[in-house]
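J.: Before anything else, here's the structure in question.
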Amino acid sequence: MSQRSVLIIGGGLIGTSIALGLKQAGWAVAIEDIDPINEKLARDLLGEREIGDQFELIVIATPPEAIASELQRFATNNPHSTFMDISGLKFELIAKVETFSDLARRFVGSHPMAGRENSGPQSARGDLFEGRAWIVTPTSRSSSNSLEIVNELISDLGATSYLMSSTEHDAVISRISHLPQIMSSLLAASLVSGDSESLSLSGQGLRDVTRLAASDPKLWTELTLGNRRENIAQLNAIQILISELIAALQSQSAEEVQEFFRLGNQGKKLIPGKHGAKERDYTYLPIVIDDKPGQLARIFHECEVVNVNVEDLTIEHTPGQETGLITLALSAIDAEKLQSHLNANGWLAHSPRKN
């Protein structure tokens, strides 16, 4: 089969991650963004080269409000292209596309169940979709060829496709995506009126639960309002649970309070491990370094000398301390090789570990 070609409209987190993953899978990839800064960074990450102006697939990876206009902008000049979107709202979009018979044949709605709380191409990663679910919501006229191309993209990015209607999608997404975002933001918003100094005592629990609250307010306003009917239903159900807990606390009913936490245990057990996502099989190599300039550059030079590839790194350092800890994520073989090389050359590289 000849090389697939794709144009991605939107160089944010998802669009750039799709681009990086597809390039690695052998697709010919181009990317555009209305923001010239995002576009340049996305293209530099991609190492984009000229691949023509006609594409088998055009991915609209913009915020929901811009999808319709982008479809109109590209559909006429790309009469043979398949189109897909990646937005978190589907019912109104699919209904709108259905009114254009030719476009409805060439359009497939989709929504990857992957993301990060940090936006922009600087947060993109080509393996973002590995092991993740990817919901596919075709129109009533979507051609078999268009569905084949979209499913090939999903497969090449390491994800698993799940077919459902736009109505089903919006109901499911409210429960598993919109509600977690709302609850995280709700808790974080409650901290604003409290004693800010006491937050310095926060443990990891508060940080974990409020992680999503760092997400883009403009995007989430659009998503939450666009799916308001489903979101209101979910919030009403949460409101009942909160009311029941308040009543149990007021009556000092230990049995009812304990039942609340038992229900939480049961619900947590129902959540599978990231749609069966593959854990990144990294080995972590801790290295104690002196607190002085140039140490990180020297370590990367040593990595180059023994030809090992660093997948990720973290740095821990206490102010005023003369040493710090850098932890490199590598393959198991590379970790062993690098530890041996570093220790032989006077570094303090400790035993590699799996987590």
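A note on labels: chains of the structure tokens are A, B, ... as shown, every chain counts residues from 1, and ligands are counted from 1 in their shown order.
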As a list in words, please: every residue in region 66-201 of chain A that DSSP puts in strand (DSSP E).

T.: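 Residues meeting the strand (DSSP E) criterion: Thr82, Phe83, Met84, Asp85, Phe107, Val108, Gly109, Ser110, His111, Pro112, Ala133, Trp134, Ile135, Val136, Thr137, Pro138, Thr160, Ser161, Tyr162 and Leu163 of chain A.
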
J.: For region 115-128 of chain A, find every residue with an atom within 9 Å (counting only C-alpha atoms), except residues of its own chain fewer than 3 positions away, and show them as an NGL selection string.

T.: :A and (11-24 or 38-39 or 41-42 or 45 or 112 or 131-132 or 157-158 or 211-216)

J.: Work out how far apart CA of Arg43 (chain A) and CA of Val29 (chain A) are and give it in Å to one decimal.

T.: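 So the answer is 9.8 Å.
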
J.: For Asn345 (chain A), list every protein, DNA or RNA residue within 12 Å, evaluated using only C-alpha atoms, and leave out those in the same chain fewer than 3 positions away; present the list as an MDAnalysis selection string.

T.: chainID A and resid 298:299 302 305 338:342 348:349

J.: Would you save the residues of that selection, restricted to N, CA and C atoms, as a short mmCIF file (atom, residue, chain, number, x, y, z; two decimals), in the first residue's frame?

T.:
data_model
loop_
_atom_site.label_atom_id
_atom_site.label_comp_id
_atom_site.auth_asym_id
_atom_site.auth_seq_id
_atom_site.Cartn_x
_atom_site.Cartn_y
_atom_site.Cartn_z
N ARG A 298 27.07 17.24 30.86
CA ARG A 298 28.09 16.20 30.93
C ARG A 298 27.47 14.81 30.93
N ILE A 299 26.35 14.66 31.64
CA ILE A 299 25.69 13.35 31.67
C ILE A 299 25.19 12.97 30.28
N GLU A 302 27.93 11.69 28.23
CA GLU A 302 28.26 10.30 28.56
C GLU A 302 27.25 9.35 27.90
N VAL A 305 28.29 8.94 24.41
CA VAL A 305 29.51 8.13 24.28
C VAL A 305 29.18 6.65 24.22
N LEU A 338 24.62 2.21 30.99
CA LEU A 338 25.00 3.56 31.41
C LEU A 338 25.50 3.58 32.85
N GLN A 339 24.87 2.81 33.74
CA GLN A 339 25.34 2.79 35.13
C GLN A 339 26.78 2.30 35.21
N SER A 340 27.05 1.23 34.49
CA SER A 340 28.41 0.67 34.50
C SER A 340 29.42 1.69 33.97
N HIS A 341 29.05 2.36 32.88
CA HIS A 341 29.96 3.35 32.28
C HIS A 341 30.17 4.55 33.21
N LEU A 342 29.09 5.07 33.80
CA LEU A 342 29.22 6.24 34.67
C LEU A 342 30.06 5.94 35.91
N LEU A 348 28.34 8.94 40.49
CA LEU A 348 27.63 8.18 41.54
C LEU A 348 26.29 7.72 40.99
N ALA A 349 26.33 6.70 40.15
CA ALA A 349 25.12 6.14 39.55
C ALA A 349 24.68 4.95 40.36
#

J.: Would you list the contacts of Asp170 (chain A) as a count of residues only, taking every protein, DNA or RNA residue within 9 Å and counting only C-alpha atoms, but skipping same-chain residues closer than 6 positions in sequence?

T.: 6

J.: Within 9 Å of Thr210 (chain A), counting only C-alpha atoms, which residues show up once you throw out same-chain ones fewer than 2 positions away? Write them as a list in words, please.

T.: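 Surrounding residues, per the criterion: Gln181, Met183, Ser184, Ser185, Leu186, Leu187, Ala188, Gly205, Leu206, Arg207, Asp208, Leu212, Ala213 and Ala214 of chain A.
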
J.: Can you spit out the residues from that selection as a compact mmCIF listing (two decimals), in the first residue's frame, using C-alpha atoms?

T.:
# COMPACT_ATOMS: atom_id res chain seq x y z
CA GLN A 181 -13.06 17.86 35.13
CA MET A 183 -15.29 17.90 40.21
CA SER A 184 -11.57 18.68 40.06
CA SER A 185 -12.28 22.33 39.28
CA LEU A 186 -14.97 22.44 41.98
CA LEU A 187 -12.53 21.31 44.67
CA ALA A 188 -9.81 23.67 43.44
CA GLY A 205 -3.95 13.64 47.61
CA LEU A 206 -5.00 17.24 47.05
CA ARG A 207 -2.56 17.59 44.17
CA ASP A 208 -3.90 14.42 42.50
CA LEU A 212 -7.36 18.53 36.02
CA ALA A 213 -8.24 21.97 37.41
CA ALA A 214 -5.20 23.32 35.54

J.: Restricting the calculation to only C-alpha atoms, which member of A:Gln295, A:Asn309, A:Ser251, A:Ser193 is positioned closest to Gly324 (chain A)?

T.: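 Distance minimum relative to Gly324 (chain A) lands on A:Gln295.
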
J.: Find the residues around Ser331 (chain A) up to 8 Å (only C-alpha atoms counted), leave out those fewer than 5 positions away in its own chain, and share them as a VMD selection string.

T.: chain A and resid 281 to 283 309

J.: Grab the residues selected above and save them as a compact mmCIF listing (two decimals), in the first residue's frame with C-alpha atoms.

T.:
# COMPACT_ATOMS: atom_id res chain seq x y z
CA ASP A 281 8.45 -0.10 30.20
CA TYR A 282 11.15 2.21 31.52
CA THR A 283 13.97 1.49 33.92
CA ASN A 309 18.73 6.83 24.56

J.: Would you please extract all helix (DSSP H, G or I) residues from region 16-93 of chain A, as assigned by DSSP on the backbone, and give them as a ChimeraX atom specification?

T.: /A:16-24,36-46,64-75,91-93

J.: Would you save the residues of that selection, restricted to C-alpha atoms, as a PDB file, in the first residue's frame?

T.:
ATOM      1  CA  THR A  16       0.693  17.705  17.287  1.00  0.00           C
ATOM      2  CA  SER A  17       0.641  14.376  19.143  1.00  0.00           C
ATOM      3  CA  ILE A  18      -1.298  12.827  16.240  1.00  0.00           C
ATOM      4  CA  ALA A  19       1.232  14.289  13.803  1.00  0.00           C
ATOM      5  CA  LEU A  20       4.233  12.930  15.718  1.00  0.00           C
ATOM      6  CA  GLY A  21       2.676   9.482  16.096  1.00  0.00           C
ATOM      7  CA  LEU A  22       1.667   9.225  12.432  1.00  0.00           C
ATOM      8  CA  LYS A  23       5.067  10.361  11.205  1.00  0.00           C
ATOM      9  CA  GLN A  24       6.654   7.608  13.283  1.00  0.00           C
ATOM     10  CA  PRO A  36       2.037  31.124  14.044  1.00  0.00           C
ATOM     11  CA  ILE A  37       4.000  30.361  17.211  1.00  0.00           C
ATOM     12  CA  ASN A  38       2.224  27.034  17.743  1.00  0.00           C
ATOM     13  CA  GLU A  39       2.502  26.226  14.047  1.00  0.00           C
ATOM     14  CA  LYS A  40       6.256  26.826  13.947  1.00  0.00           C
ATOM     15  CA  LEU A  41       6.896  24.737  17.060  1.00  0.00           C
ATOM     16  CA  ALA A  42       4.678  21.897  15.795  1.00  0.00           C
ATOM     17  CA  ARG A  43       6.422  21.915  12.406  1.00  0.00           C
ATOM     18  CA  ASP A  44       9.865  22.016  13.997  1.00  0.00           C
ATOM     19  CA  LEU A  45       8.958  19.034  16.198  1.00  0.00           C
ATOM     20  CA  LEU A  46       7.652  17.227  13.143  1.00  0.00           C
ATOM     21  CA  PRO A  64     -15.252  22.596  18.771  1.00  0.00           C
ATOM     22  CA  GLU A  65     -16.393  26.118  17.863  1.00  0.00           C
ATOM     23  CA  ALA A  66     -14.057  26.224  14.839  1.00  0.00           C
ATOM     24  CA  ILE A  67     -14.769  22.775  13.345  1.00  0.00           C
ATOM     25  CA  ALA A  68     -17.674  23.752  11.083  1.00  0.00           C
ATOM     26  CA  SER A  69     -15.838  26.699   9.540  1.00  0.00           C
ATOM     27  CA  GLU A  70     -12.689  24.622   8.979  1.00  0.00           C
ATOM     28  CA  LEU A  71     -14.725  21.914   7.263  1.00  0.00           C
ATOM     29  CA  GLN A  72     -16.265  24.510   4.952  1.00  0.00           C
ATOM     30  CA  ARG A  73     -12.833  26.006   4.254  1.00  0.00           C
ATOM     31  CA  PHE A  74     -11.236  22.725   3.176  1.00  0.00           C
ATOM     32  CA  ALA A  75     -14.059  20.529   1.851  1.00  0.00           C
ATOM     33  CA  PHE A  91     -24.400  15.262  18.596  1.00  0.00           C
ATOM     34  CA  GLU A  92     -24.728  18.798  17.193  1.00  0.00           C
ATOM     35  CA  LEU A  93     -21.669  18.424  14.949  1.00  0.00           C
TER      36      LEU A  93
END

J.: A:Ser177, A:Thr221, A:Asn77, A:Ser351: which is nearest Ala114 (chain A), counting only C-alpha atoms?

T.: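 Selected residue with least distance to Ala114 (chain A): A:Ser177.
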